[in-house]
Structures are given as structure tokens and as C-alpha cells.
There are 2 protein chains.
Amino acid sequence: VLPDRLRALRQLLSRLPGVGEKTAQRYVLFLASEAGTLAADLGAELALLPERIRPCTRCRNLAEVDESGAALCAVCRDPRRDPSLLCVVARVQDLLAVERSLAMRGRYFVLGRLLSPLDGVGPDELPLEDLVQRVREDGVKEVILATPPSVDGEATALLLARELASLGVAVSRIASGVPHGGDLEFSDQITLGRAISGRRSVEGPR
Amino acid sequence: VLPDRLRALRQLLSRLPGVGEKTAQRYVLFLASEAGTLAADLGAELALLPERIRPCTRCRNLAEVDESGAALCAVCRDPRRDPSLLCVVARVQDLLAVERSLAMRGRYFVLGRLLSPLDGVGPDELPLEDLVQRVREDGVKEVILATPPSVDGEATALLLARELASLGVAVSRIASGVPHGGDLEFSDQITLGRAISGRRSVEGPR
């Protein structure tokens with residue numbers, strides 16, 4: 001009953017993350033019935049995306065292509081960032097999360113993926129050379145490994161720490177433990193074990 | 001940190017039903033990182049939508065515009081449909097739901113909205129003349145009022161029944177009661193009341 005064009009649109013929309021057939025149909029009917037210009041605006045914006053958005057040439061964050069054809073992201077363009085501090089993350093999503101914390105005044109390097117033996121992702125699939133080159137050329141003094149505290153994330157952090165060991169830079173790993181507002185009673189064993197092994201000394205008032 | 005173009009895209013996507021800022025951002029990052037042609041394909045399909053999809057000129061269902069510029073939906077084009085049976089629904093979504101039931105062999109009329117005094121939708125906002133004209137011209141013998149069993153849906157059904165009374169057609173209302181697989185214990189009072197007042201006689205074996 002749905003016109004072919006709308007069925008094609010539904011099929012494309014159902015490829016978005018977390019979108020099934022039903023949600024896609026809901027979007028399609030909304031877009032087709034909406035009186036405004038949402039479908040047209042969205043169509044124009046999406047059509048521009050492939051040519052206008054590229055991975056940043058320095059850090060692989062998402063960046064807009066400028067007039068000269070270069071793609072440098074907002075963080076790499078910001079002169080107030082400390083170039084000697086480099087935060088390595090797995091994905092752009094993670095970079096955005098670290099930015100929201102306001103705790104990172106340096107720059108980033110987006111790996112794009114994690115080591116994952118089960119999925120056939122070995123060290124050769126990671127951009128290790130690009131990372132080493134970035135550390136060497138930019139005068140990086142400390143690398144913060146902000147891969148997630150999962151099996152793959154820890155393995156990746158270990159590999160990167162080894163690769164970076166010979167470069168004479170400080171390498172650190174983000175802390176893992178009970179999250180802010182979290183309950184010890186409901187924390188899993190590994191999280192609680194990490195919170196304890198990663199404890200920091202508390203200095204009393206002097 | 002997100003490029004302006006992607007922020008614009010996120011803002012547009014967050015206008016889809018049930019999509020907030022976070023979900024929109026998830027879609028944006030997926031579309032920007034996906035290696036395939038999803039963004040371009042989706043952009044092309046959405047750009048076509050406003051000129052290619054129109055309300056069906058006969059029933060207001062969604063229809064594709066054909067070469068001659070006419071827009072007749074799949075149901076209205078189907079010669080096997082019984083033109084003497086007309087099902088009135090509020091929205092295209094409801095038409096699709098009735099179609100899925102395989103219980104409707106006639107055609108449809110999509111009102112587009114329900115009476116809603118609280119939202120300022122009175123009888124003048126409903127396409128009553130179009131409906132009456134449709135009933136007269138197509139030799140309709142029975143009109144099934146399939147507006148939802150809500151306050152607004154019932155009020156609309158009552159109004160339509162009055163409007164159609166003088167046309168000499170049978171007018172019926174879809175049944176309301178305990179849904180298939182539903183539990184009497186957890187049915188609300190109104191549903192159970194309707195199930196009882198709408199009871200049908202059961203004939204024993206002869």
C-alpha cells in the first residue's frame with residue numbers, strides 16, 4: 001500500500017543505528033505528511049555530507065572541508081589547545097564525550113577501531129604509524145590512553161603503550177572505577193576491583 | 001567540536017518523531033562515519049519526496065505522482081477493491097494498520113485529523129464535504145467509521161454518522177473491547193464496559 005518511493009526511503013532509514021522497520025515507517029510517514037520543508041532540508045543536508053565532511057587530516061575527528069580542500073577539525077584549529085598533550089580515543093563519539101567533560105585541554109587522536117581478535121582486527125588494522133608520527137612531529141609530551149575499560153579497549157591501550165614506550169613520552173591511562181553517583185552495592189566485581197587497585201592516597205588537612 | 005554542517009543535520013534529524021538530541025547525534029555520527037553511500041542515497045530519496053509524494057486525490061492516502069501528474073494511491077488504483085465499501089480513518093498510519101489486518105476489501109477515506117475542541121479543531125476543519133461527495137459519486141453503500149475509540153475519535157465518529165445519515169448509506173463503527181490476547185483483569189473499566197455493551201450473541205451448534 002505504501003508507494004515504492006516511500007518503501008525505498010523506509011529501507012534506507014532502517015539502516016540507521018537502533019532503527020527497525022517500525023521506527024523507519026514512523027519517520028517516513030512523518031516526513032511525507034509534514035507540511036513544512038523538513039524532507040527537502042534534510043535531503044539537501046545529507047546530499048552535501050559526503051563531499052563536505054571528512055576525517056580531520058591530523059586527528060581523524062570529523063571535520064568540514066574548507067575552501068582550500070583541507071579538512072582540519074575544530075580542536076586541531078583551536079590555538080588555545082596544548083599540543084604537548086594527546087588524548088587517544090577509539091571513536092569520534094568518545095572524543096565528544098571527553099570534550100563534554102571539559103577535562104581535556106590538549107588535542108586528540110581517533111583510532112577508528114579497537115584491537116579485536118574475535119572480529120579479526122589485529123595490530124596491522126590500527127593506525128599505529130600515524131599515531132607515532134603525530135607524537136614525534138607535534139612535540140607531544142604526554143599521551144592519555146582513553147580507550148574504553150573493556151577487554152578490547154584494555155588490549156588496545158596495552159599495545160599503544162608498548163608502541164609509544166621508545167618515544168620518550170609519558171603514557172597514562174584514564175582511571176577506571178565506581179562511576180560518580182554509582183552504588184558500591186550494585187558495582188560489578190571487576191569495576192570494584194579496579195576502584196580498589198586504582199585507589200589514590202588522601203591527604204589530610206595540614 | 002562537531003562541524004556546523006553536522007550540527008545543522010542533527011537539528012533537522014531531532015525534528016523526527018521520538019528523536020531527541022542524543023539519538024539525532026547518534027544518527028549523524030553514523031551517517032558521517034559510514035563508509036558506504038547511505039547519506040547520499042538518503043539525501044537523494046528525501047529530496048525527491050516533496051515532488052513525488054502527494055495525498056491521493058481520491059482518498060488522501062499517500063500516493064506517488066505518476067507521469068501525467070496525477071496522484072492515485074495503490075488502494076484506489078486496485079480494481080479488485082469493492083467501491084461500495086468505504087472505511088474512514090484518521091491517519092495514513094491507521095489505514096496501513098487496517099490493511100495489515102486483511103479484513104478490509106473496500107476503499108478508504110483519510111480524514112487527516114480528528115475533532116479536538118481542546119486543540120481548536122472543530123467540524124469546519126474536517127473534510128466533510130469531500131467525504132459526502134465521495135460517498136455520493138462512488139456509489140458507496142456502507143461507511144465503516146474506523147476512527148480510534150478515544151474521546152476525539154468517538155466525537156468524530158458521531159459527527160460523521162450525523163453528516164452521512166441523510167445519504168441513505170449504512171454507517172457502522174468498528175468494535176471496541178478487550179483486545180486479542182488481552183487480560184480481563186488488566187483491562188480498564190471503559191474497555192471492559194464497551195466489551196460488555198458491545199457483546200454479540202453466540203449461536204450454539206444446531
# chains A, B, ... in the order shown; residues from 1 in each chain; ligands from 1
$ interface_residues --of "chain A" --to "chain B" --cutoff "6 Å" --atoms "only C-alpha atoms" --output "PDB file with C-alpha atoms, in the first residue's frame"
ATOM      1  CA  VAL A   1       0.000   0.000   0.000  1.00  0.00           C
ATOM      2  CA  PRO A   3       4.271   3.905  -2.544  1.00  0.00           C
ATOM      3  CA  ALA A  39      12.248  16.333   3.935  1.00  0.00           C
ATOM      4  CA  ALA A  40      13.736  18.775   1.431  1.00  0.00           C
ATOM      5  CA  GLY A  43      17.716  15.772   1.759  1.00  0.00           C
ATOM      6  CA  LEU A  46      22.517  14.756   3.616  1.00  0.00           C
ATOM      7  CA  ALA A  47      23.439  15.170  -0.045  1.00  0.00           C
ATOM      8  CA  ALA A  63      35.903  17.949  10.074  1.00  0.00           C
ATOM      9  CA  GLU A  64      34.370  20.232   7.495  1.00  0.00           C
ATOM     10  CA  ALA A  74      37.635  22.429  15.402  1.00  0.00           C
TER      11      ALA A  74
END
$ residues_around --residues "region 147-151 of chain A" --least-positions-apart "5" --cutoff "7 Å" --atoms "only C-alpha atoms" --output "list in words"
Val88, Val89, Ala90, Ala157 and Ser176 of chain A
$ write_last_selection --atoms "all heavy atoms" --output "PDB file, in the first residue's frame"
ATOM      1  N   VAL A  88      44.176   9.758  23.189  1.00  0.00           N
ATOM      2  CA  VAL A  88      43.848   8.765  22.169  1.00  0.00           C
ATOM      3  C   VAL A  88      42.495   8.141  22.490  1.00  0.00           C
ATOM      4  O   VAL A  88      42.303   7.597  23.585  1.00  0.00           O
ATOM      5  CB  VAL A  88      44.925   7.664  22.087  1.00  0.00           C
ATOM      6  CG1 VAL A  88      44.558   6.632  21.023  1.00  0.00           C
ATOM      7  CG2 VAL A  88      46.284   8.280  21.777  1.00  0.00           C
ATOM      8  N   VAL A  89      41.547   8.240  21.572  1.00  0.00           N
ATOM      9  CA  VAL A  89      40.210   7.650  21.766  1.00  0.00           C
ATOM     10  C   VAL A  89      39.906   6.690  20.621  1.00  0.00           C
ATOM     11  O   VAL A  89      40.539   6.741  19.567  1.00  0.00           O
ATOM     12  CB  VAL A  89      39.104   8.734  21.823  1.00  0.00           C
ATOM     13  CG1 VAL A  89      39.213   9.577  23.078  1.00  0.00           C
ATOM     14  CG2 VAL A  89      39.122   9.602  20.573  1.00  0.00           C
ATOM     15  N   ALA A  90      38.919   5.810  20.868  1.00  0.00           N
ATOM     16  CA  ALA A  90      38.555   4.842  19.841  1.00  0.00           C
ATOM     17  C   ALA A  90      37.705   5.481  18.745  1.00  0.00           C
ATOM     18  O   ALA A  90      37.942   5.289  17.565  1.00  0.00           O
ATOM     19  CB  ALA A  90      37.804   3.664  20.469  1.00  0.00           C
ATOM     20  N   ALA A 157      45.002  -0.385  24.610  1.00  0.00           N
ATOM     21  CA  ALA A 157      45.816   0.527  25.417  1.00  0.00           C
ATOM     22  C   ALA A 157      47.197  -0.077  25.684  1.00  0.00           C
ATOM     23  O   ALA A 157      48.219   0.608  25.612  1.00  0.00           O
ATOM     24  CB  ALA A 157      45.107   0.835  26.743  1.00  0.00           C
ATOM     25  N   SER A 176      39.709   3.837  35.980  1.00  0.00           N
ATOM     26  CA  SER A 176      38.510   3.011  35.901  1.00  0.00           C
ATOM     27  C   SER A 176      38.075   2.705  37.319  1.00  0.00           C
ATOM     28  O   SER A 176      38.904   2.402  38.190  1.00  0.00           O
ATOM     29  CB  SER A 176      38.848   1.731  35.135  1.00  0.00           C
ATOM     30  OG  SER A 176      37.750   0.852  35.135  1.00  0.00           O
TER      31      SER A 176
END
$ select_by_dssp --residues "region 10-102 of chain B" --states "helix (DSSP H, G or I)" --output "count of residues only"
46
$ atom_distance --atom1 "CA of Ile144 (chain B)" --atom2 "CA of Ala175 (chain B)"
10.5 Å
$ residues_around --residues "Thr57 (chain B)" --least-positions-apart "3" --cutoff "7 Å" --atoms "only C-alpha atoms" --output "list in words"
Arg60, Ala71 and Leu72 of chain B
$ atom_distance --atom1 "CA of Leu126 (chain B)" --atom2 "CA of Leu111 (chain B)"
6.7 Å
$ select_by_dssp --residues "region 82-133 of chain A" --states "strand (DSSP E)" --output "list in words"
Leu85, Leu86, Cys87, Val88, Val89, Arg107, Tyr108, Phe109 and Val110 of chain A
$ write_last_selection --atoms "C-alpha atoms" --output "PDB file, in the first residue's frame"
ATOM      1  CA  LEU A  85      49.040  16.652  25.464  1.00  0.00           C
ATOM      2  CA  LEU A  86      47.448  13.999  23.224  1.00  0.00           C
ATOM      3  CA  CYS A  87      44.331  12.009  24.118  1.00  0.00           C
ATOM      4  CA  VAL A  88      43.848   8.765  22.169  1.00  0.00           C
ATOM      5  CA  VAL A  89      40.210   7.650  21.766  1.00  0.00           C
ATOM      6  CA  ARG A 107      44.364  17.511  21.379  1.00  0.00           C
ATOM      7  CA  TYR A 108      43.128  14.113  20.167  1.00  0.00           C
ATOM      8  CA  PHE A 109      43.898  11.130  18.014  1.00  0.00           C
ATOM      9  CA  VAL A 110      40.940   8.982  16.922  1.00  0.00           C
TER      10      VAL A 110
END
$ residues_around --residues "Leu115 (chain A)" --least-positions-apart "6" --cutoff "6 Å" --atoms "only C-alpha atoms" --output "list in words"
Val121, Gly122, Asp152 and Thr156 of chain A
